[in-house]
$ cat my_file.cif   # mmCIF, C-alpha atoms
data_target
loop_
_atom_site.group_PDB
_atom_site.id
_atom_site.type_symbol
_atom_site.label_atom_id
_atom_site.label_comp_id
_atom_site.auth_asym_id
_atom_site.auth_seq_id
_atom_site.Cartn_x
_atom_site.Cartn_y
_atom_site.Cartn_z
ATOM 1 C CA MET W 189 4.029 8.658 -23.413
ATOM 2 C CA ARG W 190 1.219 11.207 -23.437
ATOM 3 C CA SER W 191 -2.323 10.007 -22.955
ATOM 4 C CA SER W 192 -5.807 11.443 -22.854
ATOM 5 C CA LEU W 193 -6.833 8.935 -20.222
ATOM 6 C CA ARG W 194 -7.540 11.543 -17.546
ATOM 7 C CA VAL W 195 -9.787 13.511 -19.918
ATOM 8 C CA LEU W 196 -11.667 10.431 -21.118
ATOM 9 C CA ARG W 197 -12.142 9.263 -17.544
ATOM 10 C CA ALA W 198 -13.357 12.690 -16.400
ATOM 11 C CA GLU W 199 -15.819 12.874 -19.331
ATOM 12 C CA ARG W 200 -17.474 9.734 -18.016
ATOM 13 C CA GLY W 201 -17.397 10.928 -14.416
ATOM 14 C CA TRP W 202 -15.276 8.009 -13.296
ATOM 15 C CA SER W 203 -12.789 8.198 -10.451
ATOM 16 C CA GLN W 204 -9.362 6.582 -10.765
ATOM 17 C CA ALA W 205 -10.636 3.798 -8.521
ATOM 18 C CA ASP W 206 -13.653 3.232 -10.826
ATOM 19 C CA LEU W 207 -11.431 2.968 -13.886
ATOM 20 C CA ALA W 208 -8.972 0.753 -12.037
ATOM 21 C CA GLU W 209 -11.772 -1.633 -11.142
ATOM 22 C CA LYS W 210 -13.041 -1.755 -14.729
ATOM 23 C CA LEU W 211 -9.533 -2.568 -15.983
ATOM 24 C CA ALA W 212 -8.669 -4.914 -13.074
ATOM 25 C CA VAL W 213 -5.572 -2.931 -12.133
ATOM 26 C CA SER W 214 -4.658 -0.870 -9.067
ATOM 27 C CA ARG W 215 -5.594 2.801 -8.665
ATOM 28 C CA GLN W 216 -1.877 3.567 -8.431
ATOM 29 C CA THR W 217 -1.389 2.110 -11.909
ATOM 30 C CA ILE W 218 -4.082 4.395 -13.337
ATOM 31 C CA ASN W 219 -2.515 7.358 -11.574
ATOM 32 C CA ALA W 220 0.961 6.466 -12.878
ATOM 33 C CA ILE W 221 -0.365 6.202 -16.453
ATOM 34 C CA GLU W 222 -2.202 9.523 -16.185
ATOM 35 C CA THR W 223 0.849 11.278 -14.771
ATOM 36 C CA GLU W 224 3.031 9.721 -17.515
ATOM 37 C CA LYS W 225 5.202 7.874 -15.024
ATOM 38 C CA TYR W 226 4.266 4.444 -16.306
ATOM 39 C CA GLU W 227 3.744 3.246 -19.856
ATOM 40 C CA PRO W 228 1.079 0.535 -20.047
ATOM 41 C CA SER W 229 1.737 -2.728 -21.834
ATOM 42 C CA LEU W 230 0.120 -3.285 -25.213
ATOM 43 C CA THR W 231 -2.393 -5.621 -23.553
ATOM 44 C CA LEU W 232 -3.475 -2.959 -21.060
ATOM 45 C CA ALA W 233 -3.485 -0.278 -23.762
ATOM 46 C CA PHE W 234 -5.839 -2.458 -25.834
ATOM 47 C CA LYS W 235 -8.096 -2.938 -22.799
ATOM 48 C CA ILE W 236 -8.192 0.819 -22.218
ATOM 49 C CA ALA W 237 -8.917 1.498 -25.892
ATOM 50 C CA LYS W 238 -11.715 -1.087 -25.924
ATOM 51 C CA LEU W 239 -13.249 0.326 -22.738
ATOM 52 C CA PHE W 240 -13.389 3.846 -24.199
ATOM 53 C CA GLY W 241 -14.348 2.631 -27.692
ATOM 54 C CA GLN W 242 -11.362 4.302 -29.321
ATOM 55 C CA ARG W 243 -8.182 3.272 -31.105
ATOM 56 C CA ILE W 244 -4.962 3.058 -29.064
ATOM 57 C CA GLU W 245 -3.331 5.878 -31.034
ATOM 58 C CA GLU W 246 -6.301 8.134 -30.251
ATOM 59 C CA ILE W 247 -5.649 7.706 -26.525
ATOM 60 C CA PHE W 248 -1.872 7.358 -26.370
ATOM 61 C CA GLU W 249 0.689 9.432 -28.164
ATOM 62 C CA ALA W 250 4.361 8.512 -28.171
ATOM 63 C CA GLU W 251 6.815 11.279 -27.339
ATOM 64 C CA THR W 252 8.640 12.507 -30.433
ATOM 65 C CA GLU W 253 12.015 10.804 -30.584
ATOM 66 C CA ARG W 254 14.999 13.096 -30.293
ATOM 67 C CA THR W 255 17.671 12.564 -32.939
ATOM 68 C CA MET X 191 -10.674 -7.994 -6.712
ATOM 69 C CA LYS X 192 -8.610 -5.291 -5.006
ATOM 70 C CA ASP X 193 -10.130 -6.122 -1.597
ATOM 71 C CA LYS X 194 -9.237 -9.773 -2.140
ATOM 72 C CA LEU X 195 -5.652 -8.799 -2.997
ATOM 73 C CA ILE X 196 -5.340 -6.568 0.081
ATOM 74 C CA HIS X 197 -6.773 -9.362 2.234
ATOM 75 C CA LYS X 198 -4.259 -11.786 0.737
ATOM 76 C CA GLY X 199 -1.470 -9.235 1.240
ATOM 77 C CA TRP X 200 -2.232 -9.155 4.946
ATOM 78 C CA PHE X 201 -2.227 -12.945 5.013
ATOM 79 C CA VAL X 202 1.255 -12.955 3.424
ATOM 80 C CA ILE X 203 2.436 -10.444 6.065
ATOM 81 C CA SER X 204 0.928 -12.592 8.834
ATOM 82 C CA VAL X 205 2.736 -15.709 7.603
ATOM 83 C CA ALA X 206 5.942 -13.652 7.307
ATOM 84 C CA ALA X 207 5.441 -12.583 10.941
ATOM 85 C CA VAL X 208 5.075 -16.247 11.956
ATOM 86 C CA TRP X 209 8.277 -17.061 10.053
ATOM 87 C CA ILE X 210 10.222 -14.223 11.784
ATOM 88 C CA LEU X 211 8.809 -15.225 15.185
ATOM 89 C CA THR X 212 9.798 -18.859 14.584
ATOM 90 C CA TYR X 213 13.288 -17.701 13.608
ATOM 91 C CA PHE X 214 13.772 -15.773 16.865
ATOM 92 C CA VAL X 215 12.333 -18.625 18.945
ATOM 93 C CA ALA X 216 14.691 -21.078 17.221
ATOM 94 C CA ARG X 217 17.596 -18.696 17.720
ATOM 95 C CA GLY X 218 16.735 -18.289 21.398
ATOM 96 C CA VAL X 219 16.494 -22.056 21.865
ATOM 97 C CA LEU X 220 19.823 -22.643 20.078
ATOM 98 C CA GLU X 221 21.556 -19.979 22.180
ATOM 99 C CA THR X 222 20.216 -21.122 25.539
ATOM 100 C CA ALA X 223 18.978 -24.732 25.543
ATOM 101 C CA ASP X 224 21.188 -27.770 26.001
ATOM 102 C CA LEU X 225 20.223 -30.014 23.084
ATOM 103 C CA SER X 226 21.851 -32.870 21.187
ATOM 104 C CA SER X 227 23.388 -32.148 17.763
ATOM 105 C CA THR X 228 20.382 -33.712 16.036
ATOM 106 C CA GLY X 229 17.996 -31.645 18.153
ATOM 107 C CA ARG X 230 19.929 -28.476 17.340
ATOM 108 C CA VAL X 231 19.791 -29.211 13.613
ATOM 109 C CA VAL X 232 16.038 -29.876 13.810
ATOM 110 C CA VAL X 233 15.455 -26.594 15.688
ATOM 111 C CA ALA X 234 17.634 -24.738 13.164
ATOM 112 C CA LEU X 235 15.539 -26.119 10.290
ATOM 113 C CA ILE X 236 12.107 -25.395 11.809
ATOM 114 C CA PRO X 237 11.925 -21.740 10.561
ATOM 115 C CA ALA X 238 12.331 -23.084 7.003
ATOM 116 C CA ILE X 239 8.769 -24.485 7.216
ATOM 117 C CA PRO X 240 6.930 -21.164 7.733
ATOM 118 C CA PHE X 241 9.395 -19.597 5.292
ATOM 119 C CA ALA X 242 8.350 -22.118 2.611
ATOM 120 C CA ALA X 243 4.691 -21.201 3.293
ATOM 121 C CA PHE X 244 5.560 -17.501 3.107
ATOM 122 C CA LEU X 245 7.474 -17.974 -0.157
ATOM 123 C CA TRP X 246 4.585 -19.854 -1.765
ATOM 124 C CA LEU X 247 2.105 -17.145 -0.724
ATOM 125 C CA PHE X 248 4.475 -14.366 -1.780
ATOM 126 C CA ILE X 249 4.926 -15.827 -5.268
ATOM 127 C CA THR X 250 1.167 -16.472 -5.585
ATOM 128 C CA ASN X 251 0.492 -12.887 -4.515
ATOM 129 C CA ILE X 252 2.907 -11.520 -7.131
ATOM 130 C CA GLY X 253 1.087 -13.585 -9.768
ATOM 131 C CA GLN X 254 -2.132 -11.714 -8.907
ATOM 132 C CA MET X 255 -0.581 -8.245 -9.062
ATOM 133 C CA ASP X 256 -1.190 -5.956 -12.009
ATOM 134 C CA GLU X 257 1.555 -5.197 -14.523
ATOM 135 C CA MET X 258 2.928 -2.097 -12.798
ATOM 136 C CA GLU X 259 3.037 -3.805 -9.414
ATOM 137 C CA LYS X 260 4.890 -6.727 -11.002
ATOM 138 C CA LYS X 261 7.341 -4.276 -12.564
ATOM 139 C CA ILE X 262 7.922 -2.725 -9.135
ATOM 140 C CA GLN X 263 8.661 -6.180 -7.704
ATOM 141 C CA MET X 264 11.074 -6.877 -10.555
ATOM 142 C CA GLU X 265 12.859 -3.564 -10.026
ATOM 143 C CA ALA X 266 13.037 -4.236 -6.272
ATOM 144 C CA MET X 267 14.692 -7.599 -6.958
ATOM 145 C CA ALA X 268 16.958 -6.007 -9.560
ATOM 146 C CA PHE X 269 18.157 -3.683 -6.786
ATOM 147 C CA ALA X 270 18.237 -6.209 -3.935
ATOM 148 C CA PHE X 271 20.120 -9.003 -5.706
ATOM 149 C CA PRO X 272 23.197 -6.979 -6.766
ATOM 150 C CA MET X 273 23.209 -5.340 -3.322
ATOM 151 C CA ALA X 274 23.268 -8.808 -1.728
ATOM 152 C CA VAL X 275 26.106 -9.839 -4.046
ATOM 153 C CA LEU X 276 27.982 -6.651 -3.161
ATOM 154 C CA LEU X 277 27.517 -7.187 0.583
ATOM 155 C CA LEU X 278 28.701 -10.803 0.452
ATOM 156 C CA MET X 279 31.636 -9.973 -1.833
ATOM 157 C CA VAL X 280 32.803 -7.135 0.433
ATOM 158 C CA LEU X 281 32.421 -9.297 3.529
ATOM 159 C CA ALA X 282 34.337 -12.146 1.864
ATOM 160 C CA LEU X 283 37.227 -9.806 1.047
ATOM 161 C CA MET X 284 37.067 -8.047 4.424
ATOM 162 C CA GLN X 285 37.308 -11.446 6.074
ATOM 163 C CA LEU X 286 40.628 -11.913 4.286
ATOM 164 C CA ALA X 287 41.752 -8.355 4.990
ATOM 165 C CA ILE X 288 41.038 -8.142 8.716
ATOM 166 C CA PRO X 289 39.773 -10.528 11.376
ATOM 167 C CA LEU X 290 35.981 -10.114 11.442
ATOM 168 C CA SER X 291 34.405 -11.035 14.732
ATOM 169 C CA PRO X 292 31.820 -13.829 14.322
ATOM 170 C CA ASP X 293 29.863 -12.072 17.107
ATOM 171 C CA ASP X 294 29.281 -9.192 14.672
ATOM 172 C CA TRP X 295 29.507 -10.670 11.181
ATOM 173 C CA SER X 296 28.192 -14.221 11.230
ATOM 174 C CA TYR X 297 25.429 -15.426 8.878
ATOM 175 C CA ARG X 298 22.808 -14.564 11.504
ATOM 176 C CA HIS X 299 23.940 -10.948 11.388
ATOM 177 C CA VAL X 300 24.257 -10.737 7.621
ATOM 178 C CA TRP X 301 21.015 -12.338 6.318
ATOM 179 C CA PRO X 302 18.662 -9.622 7.710
ATOM 180 C CA PHE X 303 20.355 -7.208 5.294
ATOM 181 C CA LEU X 304 18.838 -9.118 2.353
ATOM 182 C CA PRO X 305 15.155 -8.360 3.165
ATOM 183 C CA ILE X 306 16.236 -4.804 3.999
ATOM 184 C CA PHE X 307 17.670 -4.494 0.464
ATOM 185 C CA TYR X 308 14.405 -5.858 -0.958
ATOM 186 C CA PHE X 309 12.254 -3.361 0.988
ATOM 187 C CA ALA X 310 14.604 -0.546 -0.010
ATOM 188 C CA GLY X 311 14.201 -1.673 -3.631
ATOM 189 C CA VAL X 312 10.404 -1.685 -3.317
ATOM 190 C CA ALA X 313 10.464 1.804 -1.772
ATOM 191 C CA LEU X 314 12.721 3.149 -4.539
ATOM 192 C CA ALA X 315 10.594 1.610 -7.292
ATOM 193 C CA TRP X 316 7.334 2.871 -5.720
ATOM 194 C CA ARG X 317 8.745 6.382 -5.575
ATOM 195 C CA LYS X 318 9.443 6.222 -9.290
ATOM 196 C CA TYR X 319 5.816 5.500 -10.209
ATOM 197 C CA LYS X 320 4.095 7.426 -7.409
#

$ encode --input "my_file.cif" --output "structure tokens"
Amino acid sequence: MRSSLRVLRAERGWSQADLAEKLAVSRQTINAIETEKYEPSLTLAFKIAKLFGQRIEEIFEAETERT
Amino acid sequence: MKDKLIHKGWFVISVAAVWILTYFVARGVLETADLSSTGRVVVALIPAIPFAAFLWLFITNIGQMDEMEKKIQMEAMAFAFPMAVLLLMVLALMQLAIPLSPDDWSYRHVWPFLPIFYFAGVALAWRKYK
């Protein structure tokens, strides 16, 4: 799942640790989301969207399914 | 919050260290001391007390982890449990196939493999999300 989390975070001048603290998750979790190694739960995605004042689909984009 | 979790993590490790130490002390006593059957059973059961404390702390600590950390724990268990089943199944069949020396393959030699499987599972899962 692609996300613009790194860009949004950088725009606000936050480090991964800052964002992790705001979302009450570990820095490793933020890093894994940004590097597309971990897909956040819907609950965490909602928290992220609320924090950045955007809709979930504006931050996260599902990979196009191969048929 | 993270500092609190790290602090608690160290506490879990400390209690685990007490449990392991108690195990080796109990093992040493059982191998060397001349005790009655009841005394031997009591000594054999003593490490279960710090283990119970460790288990309670470990489960509490998992409850405070974030979702990815919980997923890593689940994947570690998903690796460790089948590995434990595999080890015990192979040993059970090997016991029928050839005479296994109890000096090499008793329960006290086999159980340490189970935490090793868990730590291997944690390492594998961490690598995936690193």

$ closest_residue --input "my_file.cif" --among "X:Met267, X:Val280, X:Val300, X:Lys260" --to "chain W" --atoms "all atoms listed in the file"
X:Lys260

$ resolve_selection --input "my_file.cif" --expression "the PyMOL selection byres ((chain W) within 12 of (chain X))" --output "PyMOL selection string"
chain W and resi 205-206+208-233

$ write_last_selection --input "my_file.cif" --atoms "C-alpha atoms" --output "JSON list (two decimals), keeping the file's coordinate frame"
[["chain", "number", "residue", "atom", "x", "y", "z"],
["W", 205, "ALA", "CA", -10.64, 3.80, -8.52],
["W", 206, "ASP", "CA", -13.65, 3.23, -10.83],
["W", 208, "ALA", "CA", -8.97, 0.75, -12.04],
["W", 209, "GLU", "CA", -11.77, -1.63, -11.14],
["W", 210, "LYS", "CA", -13.04, -1.76, -14.73],
["W", 211, "LEU", "CA", -9.53, -2.57, -15.98],
["W", 212, "ALA", "CA", -8.67, -4.91, -13.07],
["W", 213, "VAL", "CA", -5.57, -2.93, -12.13],
["W", 214, "SER", "CA", -4.66, -0.87, -9.07],
["W", 215, "ARG", "CA", -5.59, 2.80, -8.66],
["W", 216, "GLN", "CA", -1.88, 3.57, -8.43],
["W", 217, "THR", "CA", -1.39, 2.11, -11.91],
["W", 218, "ILE", "CA", -4.08, 4.39, -13.34],
["W", 219, "ASN", "CA", -2.52, 7.36, -11.57],
["W", 220, "ALA", "CA", 0.96, 6.47, -12.88],
["W", 221, "ILE", "CA", -0.36, 6.20, -16.45],
["W", 222, "GLU", "CA", -2.20, 9.52, -16.18],
["W", 223, "THR", "CA", 0.85, 11.28, -14.77],
["W", 224, "GLU", "CA", 3.03, 9.72, -17.52],
["W", 225, "LYS", "CA", 5.20, 7.87, -15.02],
["W", 226, "TYR", "CA", 4.27, 4.44, -16.31],
["W", 227, "GLU", "CA", 3.74, 3.25, -19.86],
["W", 228, "PRO", "CA", 1.08, 0.54, -20.05],
["W", 229, "SER", "CA", 1.74, -2.73, -21.83],
["W", 230, "LEU", "CA", 0.12, -3.28, -25.21],
["W", 231, "THR", "CA", -2.39, -5.62, -23.55],
["W", 232, "LEU", "CA", -3.48, -2.96, -21.06],
["W", 233, "ALA", "CA", -3.48, -0.28, -23.76]]

$ atom_distance --input "my_file.cif" --atom1 "atom CA of X:Trp301" --atom2 "atom CA of X:Ala315"
22.1 Å

$ resolve_selection --input "my_file.cif" --expression "the PyMOL selection byres ((chain W and resi 192-194) around 6)" --output "number ranges by chain"
W: 191, 195-197, 222, 247

$ resolve_selection --input "my_file.cif" --expression "the PyMOL selection byres ((chain X and resi 219) around 12)" --output "list in words"
Thr212, Tyr213, Phe214, Val215, Ala216, Arg217, Gly218, Leu220, Glu221, Thr222, Ala223, Asp224, Leu225, Gly229, Arg230, Val231, Val232, Val233, Ala234 and Ile236 of chain X

$ residues_around --input "my_file.cif" --residues "X:Trp295" --least-positions-apart "5" --cutoff "12 Å" --atoms "all atoms listed in the file" --output "PyMOL selection string"
chain X and resi 277-278+280-282+284-285+289-290+300-303

$ write_last_selection --input "my_file.cif" --atoms "C-alpha atoms" --output "PDB file, in the frame of the given file"
ATOM      1  CA  LEU X 277      27.517  -7.187   0.583  1.00  0.00           C
ATOM      2  CA  LEU X 278      28.701 -10.803   0.452  1.00  0.00           C
ATOM      3  CA  VAL X 280      32.803  -7.135   0.433  1.00  0.00           C
ATOM      4  CA  LEU X 281      32.421  -9.297   3.529  1.00  0.00           C
ATOM      5  CA  ALA X 282      34.337 -12.146   1.864  1.00  0.00           C
ATOM      6  CA  MET X 284      37.067  -8.047   4.424  1.00  0.00           C
ATOM      7  CA  GLN X 285      37.308 -11.446   6.074  1.00  0.00           C
ATOM      8  CA  PRO X 289      39.773 -10.528  11.376  1.00  0.00           C
ATOM      9  CA  LEU X 290      35.981 -10.114  11.442  1.00  0.00           C
ATOM     10  CA  VAL X 300      24.257 -10.737   7.621  1.00  0.00           C
ATOM     11  CA  TRP X 301      21.015 -12.338   6.318  1.00  0.00           C
ATOM     12  CA  PRO X 302      18.662  -9.622   7.710  1.00  0.00           C
ATOM     13  CA  PHE X 303      20.355  -7.208   5.294  1.00  0.00           C
TER      14      PHE X 303
END

$ atom_distance --input "my_file.cif" --atom1 "atom CA of X:Asp293" --atom2 "atom CA of X:Pro240"
26.4 Å

$ atom_distance --input "my_file.cif" --atom1 "atom CA of X:Phe309" --atom2 "atom CA of X:Gly199"
14.9 Å

$ closest_residue --input "my_file.cif" --among "X:Ser227, X:Leu235, X:Ser291, X:Phe244" --to "X:Ala206" --atoms "all atoms listed in the file"
X:Phe244

$ decode --input "my_file.cif" --residues "stretch 234-272 of chain X" --atoms "C-alpha atoms" --output "compact mmCIF listing (two decimals), in the first residue's frame"
# COMPACT_ATOMS: atom_id res chain seq x y z
CA ALA X 234 11.37 -28.96 40.87
CA LEU X 235 8.24 -26.80 41.13
CA ILE X 236 9.93 -23.67 42.51
CA PRO X 237 10.95 -22.26 39.05
CA ALA X 238 7.25 -22.32 38.09
CA ILE X 239 6.68 -19.38 40.48
CA PRO X 240 8.99 -16.85 38.77
CA PHE X 241 7.82 -18.27 35.44
CA ALA X 242 4.20 -17.45 36.34
CA ALA X 243 5.32 -13.88 37.21
CA PHE X 244 7.23 -13.67 33.92
CA LEU X 245 4.25 -14.96 31.94
CA TRP X 246 1.89 -12.44 33.52
CA LEU X 247 4.29 -9.57 32.78
CA PHE X 248 4.96 -10.85 29.26
CA ILE X 249 1.25 -10.99 28.41
CA THR X 250 0.66 -7.56 30.00
CA ASN X 251 3.57 -6.16 27.99
CA ILE X 252 2.15 -7.56 24.73
CA GLY X 253 -1.18 -5.89 25.56
CA GLN X 254 0.62 -2.51 25.63
CA MET X 255 2.42 -3.01 22.32
CA ASP X 256 1.28 -1.24 19.18
CA GLU X 257 -0.40 -3.14 16.34
CA MET X 258 2.75 -3.93 14.37
CA GLU X 259 4.59 -5.15 17.45
CA LYS X 260 1.62 -7.38 18.29
CA LYS X 261 1.68 -8.73 14.73
CA ILE X 262 5.38 -9.52 15.13
CA GLN X 263 4.62 -11.43 18.34
CA MET X 264 1.84 -13.34 16.58
CA GLU X 265 4.12 -14.23 13.68
CA ALA X 266 6.85 -15.31 16.12
CA MET X 267 4.38 -17.65 17.84
CA ALA X 268 3.10 -18.85 14.47
CA PHE X 269 6.69 -19.89 13.71
CA ALA X 270 7.63 -21.20 17.17
CA PHE X 271 4.57 -23.39 17.79
CA PRO X 272 4.80 -25.54 14.62
